[in-house]
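Report on the structure given below.
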Amino acid sequence: MNQDIIQGKWKQLKGSLKAKWGKLTDDDLDRLDGNQQYLSGKLQERYGWARDQAEREIREFEKTLH
């Protein structure tokens, strides 16, 4: 999904993100504001994942949005 689309639908996506990655806090989601790099960093931090895994998880999540 295009970065512009993610930012445009951010408020709608917050609930889906929280459901998928429950370790993300509401504060995390408020600060993310559609920024994929920040989301990747937070997933790495919260789940202990490597960058590649976090980015793969985000891509898989994006596929569910189409």
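If you're wondering about the labels, chains in the structure tokens are A, B, ... by order shown, residues count from 1 in each chain, ligands from 1 in order shown.
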Need the shell around Leu43 in chain A: protein/DNA/RNA residues with any atom at most 12 Å away, counting only C-alpha atoms. Skip same-chain ones fewer than 4 positions apart. Format as a list of chain:residue names? A:Leu17, A:Lys18, A:Lys20, A:Trp21, A:Gly22, A:Lys23, A:Leu24, A:Thr25, A:Asp28, A:Leu29, A:Leu32, A:Gln36, A:Gln37, A:Tyr38, A:Leu39, A:Tyr47, A:Gly48, A:Trp49, A:Ala50, A:Arg51, A:Asp52, A:Gln53, A:Ala54, A:Glu55, A:Arg56, A:Glu57, A:Ile58
Go ahead and dump the residues you just picked, C-alpha atoms, as a CSV table (one decimal), in the first residue's frame.
chain,number,residue,atom,x,y,z
A,17,LEU,CA,-3.0,-2.3,13.9
A,18,LYS,CA,-3.9,-2.5,17.6
A,20,LYS,CA,-2.9,-7.3,15.0
A,21,TRP,CA,0.0,-6.0,17.2
A,22,GLY,CA,-1.5,-5.7,20.7
A,23,LYS,CA,1.9,-4.8,22.2
A,24,LEU,CA,1.7,-1.4,20.5
A,25,THR,CA,0.3,1.2,22.9
A,28,ASP,CA,2.7,4.4,19.9
A,29,LEU,CA,-0.2,4.5,17.4
A,32,LEU,CA,3.1,6.6,14.3
A,36,GLN,CA,6.1,2.9,8.2
A,37,GLN,CA,9.7,3.4,9.3
A,38,TYR,CA,8.5,4.4,12.8
A,39,LEU,CA,6.1,1.4,12.8
A,47,TYR,CA,8.4,-7.7,19.8
A,48,GLY,CA,12.2,-8.1,19.6
A,49,TRP,CA,12.2,-8.6,15.9
A,50,ALA,CA,14.9,-7.9,13.4
A,51,ARG,CA,14.3,-5.2,10.9
A,52,ASP,CA,13.6,-7.6,8.1
A,53,GLN,CA,10.9,-9.4,10.0
A,54,ALA,CA,9.2,-6.2,11.1
A,55,GLU,CA,9.1,-5.0,7.5
A,56,ARG,CA,7.8,-8.4,6.3
A,57,GLU,CA,5.0,-8.2,8.9
A,58,ILE,CA,4.1,-4.8,7.7
Given only C-alpha atoms as the basis, pick out the residue of A:Asn35, A:Gly41, A:Asp30, A:Arg59 nearest to Gly15 in chain A.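 Looking at the shortest contact to Gly15 in chain A, the residue is A:Asp30.
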All helix (DSSP H, G or I) residues (DSSP, backbone) inside chain A, as a VMD selection string: chain A and resid 3 to 8 10 to 20 26 to 32 36 to 47 51 to 64
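The shortest atom-to-atom distance to Leu65 in chain A, with only C-alpha atoms taken into account, belongs to A:Leu13 out of A:Leu13, A:Asp26, A:Ala19, A:Ser40.
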